[in-house]
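Text of the file entry-v6.txt, holding compact mmCIF, C-alpha atoms and all ligand atoms:
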# COMPACT_ATOMS: atom_id res chain seq x y z
CA MET A 1 96.85 202.26 208.18
CA ILE A 2 99.88 202.43 210.46
CA LEU A 3 100.15 198.63 210.60
CA ASP A 4 99.65 198.35 206.84
CA LEU A 5 102.43 200.86 206.19
CA LEU A 6 104.88 199.15 208.53
CA SER A 7 104.11 195.76 206.96
CA GLN A 8 104.88 197.21 203.54
CA HIS A 9 107.89 199.42 204.27
CA GLY A 10 109.41 198.07 207.49
CA ALA A 11 110.43 200.46 210.27
CA LEU A 12 109.18 204.07 209.92
CA SER A 13 109.27 207.20 212.09
CA ARG A 14 106.17 208.96 213.45
CA THR A 15 106.80 211.87 211.08
CA GLU A 16 106.93 209.54 208.10
CA LEU A 17 103.75 207.79 209.25
CA ALA A 18 101.99 211.15 209.55
CA TRP A 19 103.18 212.16 206.09
CA ARG A 20 102.15 208.87 204.47
CA THR A 21 98.71 208.65 206.14
CA GLY A 22 97.86 212.33 205.88
CA TYR A 23 97.00 212.50 209.61
CA SER A 24 98.52 215.02 212.02
CA ARG A 25 101.66 214.25 214.04
CA ALA A 26 99.57 214.46 217.23
CA LYS A 27 96.98 211.97 216.04
CA ILE A 28 99.63 209.52 214.80
CA GLY A 29 101.57 209.99 218.08
CA ALA A 30 98.50 209.00 220.10
CA ALA A 31 97.71 205.99 217.92
CA VAL A 32 101.33 204.80 218.05
CA GLN A 33 101.38 205.20 221.83
CA SER A 34 98.33 202.99 222.18
CA LEU A 35 99.88 200.36 219.85
CA ILE A 36 103.08 200.42 221.93
CA GLU A 37 101.08 200.00 225.16
CA ARG A 38 99.30 197.03 223.62
CA ARG A 39 102.72 195.55 222.73
CA ILE A 40 101.93 195.55 219.04
CA LEU A 41 104.66 198.07 218.16
CA GLU A 42 108.00 198.99 219.68
CA GLU A 43 110.70 201.57 219.09
CA VAL A 44 113.57 199.91 217.29
CA GLY A 45 116.21 202.63 216.92
CA ASP A 46 116.95 205.95 215.23
CA ASP A 47 116.37 207.01 211.65
CA GLU A 48 119.85 207.92 210.47
CA SER A 49 118.89 208.42 206.86
CA ARG A 50 118.23 212.14 207.26
CA GLY A 51 120.12 215.07 208.69
CA GLY A 52 118.89 217.14 211.62
CA ARG A 53 117.20 215.69 214.65
CA ARG A 54 117.09 211.93 214.65
CA ALA A 55 113.62 210.39 214.76
CA ARG A 56 112.76 207.22 216.61
CA LEU A 57 111.82 204.36 214.30
CA LEU A 58 108.83 202.14 214.98
CA ASN A 59 108.28 198.55 214.01
CA PHE A 60 106.29 195.52 215.07
CA SER A 61 107.11 194.25 218.52
CA SER A 62 109.54 191.34 218.43
CA SER A 63 107.05 189.29 220.45
CA ILE A 64 104.16 189.75 218.02
CA GLY A 65 104.63 186.46 216.20
CA TYR A 66 104.95 185.12 212.69
CA ILE A 67 102.93 184.29 209.59
CA PHE A 68 102.71 181.41 207.16
CA GLY A 69 101.81 182.10 203.54
CA VAL A 70 100.78 179.10 201.45
CA ASP A 71 100.32 179.13 197.68
CA VAL A 72 98.60 175.93 196.55
CA GLY A 73 98.80 175.48 192.79
CA ALA A 74 97.25 172.68 190.73
CA THR A 75 100.64 170.95 190.57
CA SER A 76 102.79 172.63 193.23
CA VAL A 77 102.89 173.93 196.78
CA ASP A 78 104.87 176.95 197.98
CA ILE A 79 105.13 177.78 201.71
CA ALA A 80 106.79 180.79 203.34
CA LEU A 81 107.38 181.64 206.99
CA SER A 82 107.49 185.40 207.39
CA ASP A 83 107.52 188.13 210.00
CA PHE A 84 104.95 190.94 210.20
CA THR A 85 106.84 193.06 207.67
CA GLY A 86 106.49 190.35 205.01
CA ARG A 87 110.16 189.41 205.28
CA ILE A 88 110.49 185.72 204.40
CA LEU A 89 112.52 183.72 206.94
CA GLN A 90 112.05 180.20 205.59
CA ARG A 91 110.80 178.98 202.25
CA PHE A 92 109.74 175.61 200.87
CA ASP A 93 108.34 174.65 197.50
CA ALA A 94 107.71 171.30 195.89
CA PRO A 95 105.63 169.64 193.19
CA ALA A 96 102.28 168.41 194.50
CA ASP A 97 98.97 167.31 193.02
CA VAL A 98 95.76 168.89 194.38
CA ARG A 99 93.85 165.85 193.08
CA ASP A 100 95.45 163.83 195.91
CA GLY A 101 92.85 165.56 198.11
CA PRO A 102 93.01 167.71 201.25
CA ASP A 103 94.09 165.01 203.73
CA VAL A 104 97.25 164.15 201.80
CA LEU A 105 98.12 167.67 200.65
CA LEU A 106 97.32 169.58 203.84
CA GLY A 107 99.06 166.87 205.85
CA MET A 108 102.20 167.44 203.82
CA ILE A 109 101.89 171.24 204.21
CA LYS A 110 101.36 170.96 207.97
CA ASP A 111 104.38 168.64 208.41
CA GLN A 112 106.52 170.99 206.35
CA MET A 113 105.37 174.00 208.41
CA LEU A 114 106.40 172.24 211.63
CA THR A 115 109.82 171.47 210.14
CA MET A 116 110.25 175.11 209.08
CA LEU A 117 109.34 176.30 212.58
CA GLN A 118 111.85 173.92 214.08
CA ASN A 119 114.56 175.20 211.71
CA ALA A 120 113.74 178.78 212.72
CA GLY A 121 113.70 177.92 216.43
CA LEU A 122 110.00 178.87 216.80
CA MET A 123 106.95 177.22 218.39
CA PRO A 124 103.52 176.59 216.77
CA ASP A 125 101.80 179.09 219.11
CA GLN A 126 104.02 181.87 217.72
CA ILE A 127 102.15 181.60 214.41
CA HIS A 128 99.45 184.27 214.45
CA GLY A 129 98.24 184.06 210.88
CA ILE A 130 98.07 181.66 207.96
CA GLY A 131 97.05 182.90 204.51
CA ILE A 132 96.26 180.27 201.88
CA GLY A 133 95.60 180.69 198.16
CA VAL A 134 93.87 177.77 196.40
CA PRO A 135 93.10 177.19 192.71
CA GLY A 136 89.32 177.10 193.00
CA PRO A 137 86.25 179.17 193.96
CA VAL A 138 86.22 180.04 197.67
CA GLU A 139 83.30 181.28 199.73
CA PHE A 140 85.38 183.91 201.49
CA SER A 141 83.28 184.28 204.64
CA THR A 142 83.67 180.59 205.54
CA GLY A 143 86.96 179.78 203.78
CA LEU A 144 85.34 176.80 202.06
CA LEU A 145 85.86 175.73 198.47
CA ILE A 146 82.56 175.51 196.60
CA ALA A 147 82.29 173.13 193.59
CA PRO A 148 85.99 173.44 192.67
CA PRO A 149 86.36 172.04 189.12
CA ILE A 150 89.99 170.87 189.35
CA MET A 151 89.94 169.82 193.03
CA PRO A 152 86.68 167.87 193.59
CA GLY A 153 87.78 166.17 196.85
CA TRP A 154 88.12 169.61 198.50
CA GLU A 155 84.46 170.56 198.36
CA ALA A 156 83.59 172.24 201.69
CA PHE A 157 86.67 170.78 203.44
CA PRO A 158 87.25 172.77 206.70
CA ILE A 159 90.77 174.07 205.92
CA ARG A 160 90.67 176.68 208.71
CA GLU A 161 89.81 174.19 211.43
CA TYR A 162 92.44 171.79 210.10
CA PHE A 163 95.25 174.31 210.66
CA ASN A 164 93.79 175.71 213.87
CA ARG A 165 94.17 172.31 215.51
CA VAL A 166 97.96 172.64 215.10
CA PHE A 167 98.25 176.45 215.27
CA PRO A 168 95.64 177.50 217.84
CA GLN A 169 96.73 181.19 217.88
CA ALA A 170 96.50 181.64 214.13
CA ILE A 171 93.85 183.44 212.11
CA VAL A 172 93.50 181.21 209.03
CA ILE A 173 92.26 182.89 205.84
CA VAL A 174 91.59 181.03 202.59
CA ASP A 175 91.04 182.72 199.24
CA ASN A 176 91.06 182.03 195.54
CA ASP A 177 94.58 182.07 194.06
CA VAL A 178 94.00 184.95 191.64
CA ASN A 179 92.68 187.24 194.41
CA VAL A 180 95.78 186.32 196.40
CA MET A 181 98.08 187.14 193.47
CA ALA A 182 96.35 190.50 193.01
CA LEU A 183 96.85 191.21 196.71
CA GLY A 184 100.55 190.33 196.42
CA GLU A 185 100.90 192.88 193.61
CA LEU A 186 98.91 195.49 195.56
CA ARG A 187 101.17 195.13 198.63
CA ARG A 188 104.56 194.30 197.17
CA GLY A 189 104.46 194.88 193.41
CA LYS A 190 105.99 197.83 191.60
CA ASN A 191 102.56 199.38 190.93
CA ILE A 192 101.99 199.93 194.62
CA ASN A 193 100.05 203.15 193.99
CA ALA A 194 97.52 201.63 191.60
CA GLN A 195 94.12 201.62 193.34
CA ASN A 196 91.93 200.20 190.59
CA PHE A 197 93.45 197.33 188.67
CA ILE A 198 92.79 193.79 187.59
CA PHE A 199 95.05 190.77 187.61
CA ILE A 200 94.46 188.23 184.86
CA LYS A 201 95.88 184.78 185.44
CA ILE A 202 96.29 182.66 182.34
CA GLY A 203 97.04 179.02 183.07
CA THR A 204 94.90 175.90 182.90
CA GLY A 205 92.00 178.31 183.23
CA ILE A 206 91.58 182.07 183.03
CA GLY A 207 90.83 183.94 186.24
CA CYS A 208 90.74 187.54 187.38
CA GLY A 209 91.48 189.30 190.67
CA ILE A 210 89.89 192.72 191.10
CA VAL A 211 91.42 195.55 193.13
CA CYS A 212 88.86 198.31 193.66
CA GLN A 213 89.86 201.47 195.56
CA GLY A 214 92.88 199.75 197.04
CA LYS A 215 91.05 196.62 198.24
CA ILE A 216 90.34 193.18 196.82
CA TYR A 217 86.77 193.15 195.54
CA ARG A 218 85.18 189.72 195.99
CA GLY A 219 81.54 190.35 195.12
CA SER A 220 78.52 189.26 197.13
CA SER A 221 79.41 185.55 197.34
CA GLY A 222 83.14 185.61 196.72
CA CYS A 223 83.33 184.72 193.04
CA ALA A 224 83.68 188.17 191.46
CA GLY A 225 86.10 188.12 188.55
CA ASP A 226 85.24 184.72 187.15
CA VAL A 227 85.88 186.01 183.64
CA GLY A 228 86.99 182.63 182.24
CA HIS A 229 83.41 181.77 181.33
CA ILE A 230 82.61 184.93 179.41
CA CYS A 231 81.57 183.86 175.92
CA VAL A 232 83.78 185.01 173.04
CA ASP A 233 82.28 182.75 170.32
CA TYR A 234 78.70 181.44 170.32
CA ASN A 235 79.79 178.70 167.89
CA GLY A 236 82.90 177.83 169.88
CA PRO A 237 83.73 174.53 171.57
CA ILE A 238 81.84 173.32 174.65
CA CYS A 239 83.49 174.35 177.93
CA HIS A 240 83.70 172.13 181.03
CA CYS A 241 81.05 174.45 182.54
CA GLY A 242 78.59 173.22 179.90
CA ASN A 243 78.34 176.45 177.89
CA ARG A 244 79.74 177.13 174.46
CA GLY A 245 82.68 179.34 173.48
CA CYS A 246 83.91 180.43 176.93
CA VAL A 247 87.23 182.31 176.63
CA GLU A 248 88.82 179.73 178.96
CA ALA A 249 87.84 176.86 176.64
CA MET A 250 89.29 178.71 173.65
CA ALA A 251 92.38 180.56 174.89
CA ALA A 252 93.80 178.99 178.08
CA GLY A 253 96.69 176.49 178.21
CA PRO A 254 94.76 173.29 177.33
CA ALA A 255 93.07 174.99 174.34
CA ILE A 256 96.42 176.22 172.98
CA ALA A 257 97.89 172.73 173.46
CA ALA A 258 94.94 171.02 171.74
CA LYS A 259 95.15 173.32 168.71
CA ALA A 260 98.92 172.75 168.53
CA MET A 261 98.48 168.97 168.59
CA GLN A 262 95.93 169.22 165.81
CA ALA A 263 98.34 171.31 163.72
CA ALA A 264 101.12 168.77 164.35
CA ARG A 265 98.88 165.85 163.33
CA GLU A 266 97.82 167.64 160.16
CA GLY A 267 101.47 168.25 159.25
CA ARG A 268 101.14 172.06 159.35
CA SER A 269 104.13 172.56 161.65
CA PRO A 270 107.26 170.39 161.45
CA ILE A 271 108.61 171.92 164.70
CA LEU A 272 105.46 171.05 166.68
CA GLN A 273 105.42 167.60 165.07
CA GLN A 274 108.99 167.01 166.21
CA LEU A 275 108.28 168.26 169.76
CA MET A 276 105.18 166.07 169.97
CA GLU A 277 107.15 162.98 168.92
CA SER A 278 109.80 163.60 171.56
CA ASN A 279 107.09 164.19 174.24
CA ASN A 280 105.30 160.83 173.77
CA GLY A 281 102.63 162.28 171.50
CA VAL A 282 101.59 165.14 173.78
CA LEU A 283 102.10 168.91 173.58
CA THR A 284 101.62 171.58 176.23
CA ALA A 285 101.24 175.36 175.95
CA LYS A 286 104.89 175.58 177.00
CA ASP A 287 105.90 173.61 173.89
CA VAL A 288 104.00 176.10 171.76
CA GLY A 289 106.10 178.83 173.40
CA ILE A 290 109.29 176.91 172.60
CA ALA A 291 108.24 176.47 168.95
CA ALA A 292 107.24 180.16 168.69
CA ALA A 293 110.64 181.23 170.02
CA ARG A 294 112.18 179.16 167.19
CA GLY A 295 110.08 181.08 164.69
CA ASP A 296 107.30 178.54 164.10
CA ARG A 297 104.54 180.49 162.32
CA VAL A 298 101.74 178.16 163.40
CA SER A 299 102.71 178.52 167.08
CA ILE A 300 103.04 182.29 166.82
CA GLY A 301 99.58 182.33 165.24
CA LEU A 302 98.13 180.26 168.09
CA ILE A 303 99.58 182.60 170.72
CA GLN A 304 98.24 185.65 168.85
CA GLU A 305 94.81 184.06 168.51
CA SER A 306 94.74 183.33 172.22
CA GLY A 307 95.79 186.90 173.04
CA LYS A 308 93.12 188.32 170.72
CA LEU A 309 90.33 186.30 172.40
CA ILE A 310 91.51 187.25 175.89
CA GLY A 311 91.77 190.89 174.78
CA GLU A 312 88.24 190.86 173.36
CA MET A 313 86.92 189.55 176.66
CA LEU A 314 88.99 192.15 178.54
CA ALA A 315 87.63 194.99 176.41
CA GLY A 316 84.22 194.37 177.98
CA VAL A 317 85.78 194.27 181.44
CA VAL A 318 87.64 197.54 180.75
CA ASN A 319 84.47 199.31 179.60
CA PHE A 320 82.68 198.08 182.70
CA PHE A 321 85.36 198.64 185.36
CA ASN A 322 87.68 201.35 183.98
CA PRO A 323 90.93 200.07 185.59
CA SER A 324 94.20 202.01 185.29
CA LEU A 325 96.17 198.83 184.97
CA ILE A 326 95.77 195.24 183.81
CA LEU A 327 98.40 192.83 185.05
CA ILE A 328 98.88 189.62 183.09
CA GLY A 329 100.31 186.62 184.96
CA GLY A 330 100.05 182.86 185.41
CA GLY A 331 101.97 179.93 183.95
CA VAL A 332 100.84 180.40 180.34
CA SER A 333 101.37 184.19 180.29
CA ASN A 334 105.05 183.87 179.43
CA ILE A 335 104.77 181.66 176.35
CA GLY A 336 105.70 184.51 174.03
CA TYR A 337 105.71 188.29 173.78
CA GLN A 338 103.04 187.96 171.07
CA LEU A 339 100.46 187.13 173.75
CA LEU A 340 100.77 190.47 175.54
CA SER A 341 100.90 192.48 172.30
CA SER A 342 97.78 190.75 170.94
CA ILE A 343 95.92 191.33 174.21
CA ARG A 344 96.86 195.04 174.06
CA GLN A 345 95.77 195.37 170.44
CA ALA A 346 92.40 193.72 171.03
CA VAL A 347 91.66 195.76 174.17
CA LEU A 348 92.55 199.05 172.45
CA ALA A 349 90.52 198.16 169.36
CA ARG A 350 87.37 197.25 171.28
CA SER A 351 87.24 199.51 174.36
CA LEU A 352 85.97 203.07 174.61
CA PRO A 353 88.72 205.67 174.00
CA LEU A 354 88.21 207.33 177.40
CA SER A 355 88.56 204.03 179.28
CA THR A 356 91.89 203.18 177.61
CA ARG A 357 93.41 206.68 177.68
CA ASP A 358 95.39 206.01 180.87
CA LEU A 359 95.28 202.21 180.77
CA ARG A 360 98.46 200.18 180.96
CA ILE A 361 98.56 196.44 180.23
CA GLU A 362 101.70 194.66 181.40
CA TYR A 363 103.10 191.51 182.96
CA ASN A 364 102.68 191.35 186.74
CA SER A 365 105.84 192.72 188.36
CA LEU A 366 106.35 189.94 190.93
CA ARG A 367 105.93 187.19 188.30
CA GLY A 368 105.87 183.80 190.13
CA GLU A 369 106.22 185.44 193.57
CA ALA A 370 102.84 187.22 193.57
CA GLY A 371 101.01 184.23 195.08
CA ILE A 372 103.29 183.70 198.07
CA TYR A 373 103.46 187.41 199.00
CA GLY A 374 99.72 187.67 198.53
CA ALA A 375 99.17 184.74 200.91
CA ILE A 376 101.33 186.42 203.58
CA TYR A 377 99.48 189.73 203.23
CA LEU A 378 96.10 187.95 203.19
CA ALA A 379 96.83 186.82 206.75
CA LEU A 380 98.38 190.14 207.79
CA GLU A 381 95.43 192.21 206.54
CA HIS A 382 93.03 190.21 208.67
CA ILE A 383 95.20 190.33 211.74
CA PHE A 384 95.44 194.14 211.35
CA THR A 385 91.66 194.43 211.01
CA THR A 386 91.29 192.43 214.22
CA LEU A 387 93.91 194.52 216.05
CA ALA A 388 92.28 197.75 214.90
CA THR A 389 88.82 196.73 216.11
CA PRO A 390 88.49 197.29 219.86
CA GLY A 391 86.92 194.45 221.79
CA ILE A 392 87.65 191.63 219.36
CA ASP A 393 90.77 190.63 221.30
CA ASP A 394 88.66 190.15 224.41
CA GLU A 395 85.92 188.19 222.67
CA ASP A 396 88.45 185.63 221.44
ZN ZN B 401 82.80 177.89 180.62
Take the structure in the file and write it out as structure tokens.
Ligand SMILES: [Zn+2]
Amino acid sequence: MILDLLSQHGALSRTELAWRTGYSRAKIGAAVQSLIERRILEEVGDDESRGGRRARLLNFSSSIGYIFGVDVGATSVDIALSDFTGRILQRFDAPADVRDGPDVLLGMIKDQMLTMLQNAGLMPDQIHGIGIGVPGPVEFSTGLLIAPPIMPGWEAFPIREYFNRVFPQAIVIVDNDVNVMALGELRRGKNINAQNFIFIKIGTGIGCGIVCQGKIYRGSSGCAGDVGHICVDYNGPICHCGNRGCVEAMAAGPAIAAKAMQAAREGRSPILQQLMESNNGVLTAKDVGIAAARGDRVSIGLIQESGKLIGEMLAGVVNFFNPSLILIGGGVSNIGYQLLSSIRQAVLARSLPLSTRDLRIEYNSLRGEAGIYGAIYLALEHIFTTLATPGIDDED
């Protein structure tokens, strides 16, 4: 708890640590002393923010090392070098295609990491953790991708071992991107006190990260929250999973784009028709957002329809899980305010009154930054668990 708090807030005094954890000053004092003796923490100065006696501030030892957070998207890569308080020292992002496979993509990430270290004047053995979010199902215990639909060449690729060859001191943790985004919100978002919430990512697919009692809940094999394949229409189109009417096949980015192209071809929307002509005959969900912002009724209708289907699916999730908060994020989530309002309407209409009494549904507060912060904290959480468990240091 002490390490978690310092990683979230930066330097704190013993009194503040006692107050925030609920433990006595004496107990916190003893724990801090042991962390100082193990060179995990050090005293970094005085707290001058309050009157009266000045308290010594504690923070991570300057020799404790650094972290890489990596957010792999379907079409982009984002890398951050951070310290143990989640402060980003170096940042790199670039377009990339996961379909190029792990050798090409991880090779590029590794080269970029080494360049970032050089720029920061650091060595590879100063990296003590690497957290990686990937857009596919991950078996969390092994860090392996299992049957990833949009990244077939990555099946069971040993990502951990790959990075450990270059960064031998690092704990490497791989997780599904939506879990990582939920973790970013839990640690750095504005709803830092929410203990039971879900993060819905709407993009090429629809995924869900679950935070249960202040921790990411992954289920028994790591795929909890795969809500994209919940059926919302038994007569709906066939999904890539083989079933009919999955919410992902009817309401995610490609479905919105396909319906928009159909409307353009049938002459129902001059704006979409015009956009499609200037885009070489193709439309994306983003174009639907552009048309909606210009007042195109067909596009507004498509966004509302998508929100209604997602909301109907979420109503079941709300009845089952009773979250206090649903955060909506991902590349397609910002195509128009109608999406969020339709989701809210459908959830309220179809959930039990008691489960929605205190429920808020809003955009995720970190927007596009949730993934990179989540990746940093994914590594930090596991380092802290290791540090807090006596004996593990010696076994390594
Ligand atoms: Zn499906």
Which residue of A:Val174, A:Leu106, A:Ala156, A:Met313 approaches Gly129 in chain A most closely, using all atoms listed in the file: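 Using all atoms listed in the file, Gly129 in chain A sits closest to A:Val174.
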Spatial neighbours of Ser220 in chain A, 12 Å, all atoms listed in the file, chain gap at least 4 places, as a ChimeraX atom specification: /A:139-141,224-225
Return as a Markdown table the residues of chain A lying at most 9 Å from ligand ZN 401 (chain B), together with the closest atom-to-atom pair for each and the distance in Å to one decimal, counting all atoms listed in the file, with rows in chain order and ascending residue number.
| residue | atom | partner | partner_atom | distance |
| --- | --- | --- | --- | --- |
| A:Gly228 | CA | B:ZN401 | ZN | 6.5 |
| A:His229 | CA | B:ZN401 | ZN | 4.0 |
| A:Ile230 | CA | B:ZN401 | ZN | 7.1 |
| A:Cys231 | CA | B:ZN401 | ZN | 7.7 |
| A:Ile238 | CA | B:ZN401 | ZN | 7.6 |
| A:Cys239 | CA | B:ZN401 | ZN | 4.5 |
| A:His240 | CA | B:ZN401 | ZN | 5.8 |
| A:Cys241 | CA | B:ZN401 | ZN | 4.3 |
| A:Gly242 | CA | B:ZN401 | ZN | 6.3 |
| A:Asn243 | CA | B:ZN401 | ZN | 5.4 |
| A:Arg244 | CA | B:ZN401 | ZN | 6.9 |
| A:Gly245 | CA | B:ZN401 | ZN | 7.3 |
| A:Cys246 | CA | B:ZN401 | ZN | 4.6 |
| A:Val247 | CA | B:ZN401 | ZN | 7.4 |
| A:Glu248 | CA | B:ZN401 | ZN | 6.5 |
| A:Ala249 | CA | B:ZN401 | ZN | 6.5 |
Residues of the last selection are to be written out with C-alpha atoms, as a compact mmCIF listing (two decimals), in the frame of the given file.
# COMPACT_ATOMS: atom_id res chain seq x y z
CA GLY A 228 86.99 182.63 182.24
CA HIS A 229 83.41 181.77 181.33
CA ILE A 230 82.61 184.93 179.41
CA CYS A 231 81.57 183.86 175.92
CA ILE A 238 81.84 173.32 174.65
CA CYS A 239 83.49 174.35 177.93
CA HIS A 240 83.70 172.13 181.03
CA CYS A 241 81.05 174.45 182.54
CA GLY A 242 78.59 173.22 179.90
CA ASN A 243 78.34 176.45 177.89
CA ARG A 244 79.74 177.13 174.46
CA GLY A 245 82.68 179.34 173.48
CA CYS A 246 83.91 180.43 176.93
CA VAL A 247 87.23 182.31 176.63
CA GLU A 248 88.82 179.73 178.96
CA ALA A 249 87.84 176.86 176.64
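Comparing the minimum interatomic distances between Leu325 in chain A and each of A:Ser355, A:Ser269, A:Thr115, A:Thr204, counting only C-alpha atoms, we find that A:Ser355 sits nearest.
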Atom pair CA of Arg38 in chain A / CA of Ser61 in chain A: separation (Å):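 Going from CA of Arg38 in chain A over to CA of Ser61 in chain A, I get 9.7 Å.
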Among the residues A:Pro124, A:Gly214, A:Gly65, A:Gly133, the one that comes closest to Ile79 in chain A [using only C-alpha atoms]: A:Gly133
Nearest to Gly336 in chain A by atom-to-atom distance, counting only C-alpha atoms, from A:Arg350, A:Arg25, A:Arg357, A:Lys286: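 Among A:Arg350, A:Arg25, A:Arg357, A:Lys286, it is A:Lys286 that comes nearest to Gly336 in chain A.
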From A:Pro168, A:Gly209, A:Gly121, A:Gly73, residue lying nearest Ile150 in chain A [only C-alpha atoms]: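 Residue with the minimum atom-to-atom distance to Ile150 in chain A: A:Gly73.
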Pick from A:Leu3, A:Ile376, A:Ile206, A:Leu348, whichever lies nearest to Gly330 in chain A using only C-alpha atoms: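 Closest to Gly330 in chain A, using only C-alpha atoms: A:Ile206.
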Residue contacts of Phe199 in chain A (7 Å, only C-alpha atoms) excluding same-chain residues fewer than 4 positions away, as a VMD selection string: chain A and resid 182 208 to 210 326 to 328
Between CA of Leu186 in chain A and CA of Ser24 in chain A, distance in Å (one decimal):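 Pair CA of Leu186 in chain A / CA of Ser24 in chain A returns 25.5 Å.
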d(CA of Thr21 in chain A, CA of Arg187 in chain A) in Å: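 Interatomic distance here is 15.7 Å.
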Within 8 Å of Gly207 in chain A using all atoms listed in the file, minus same-chain residues under 6 positions, as a ChimeraX atom specification: /A:178,200-201,225-228
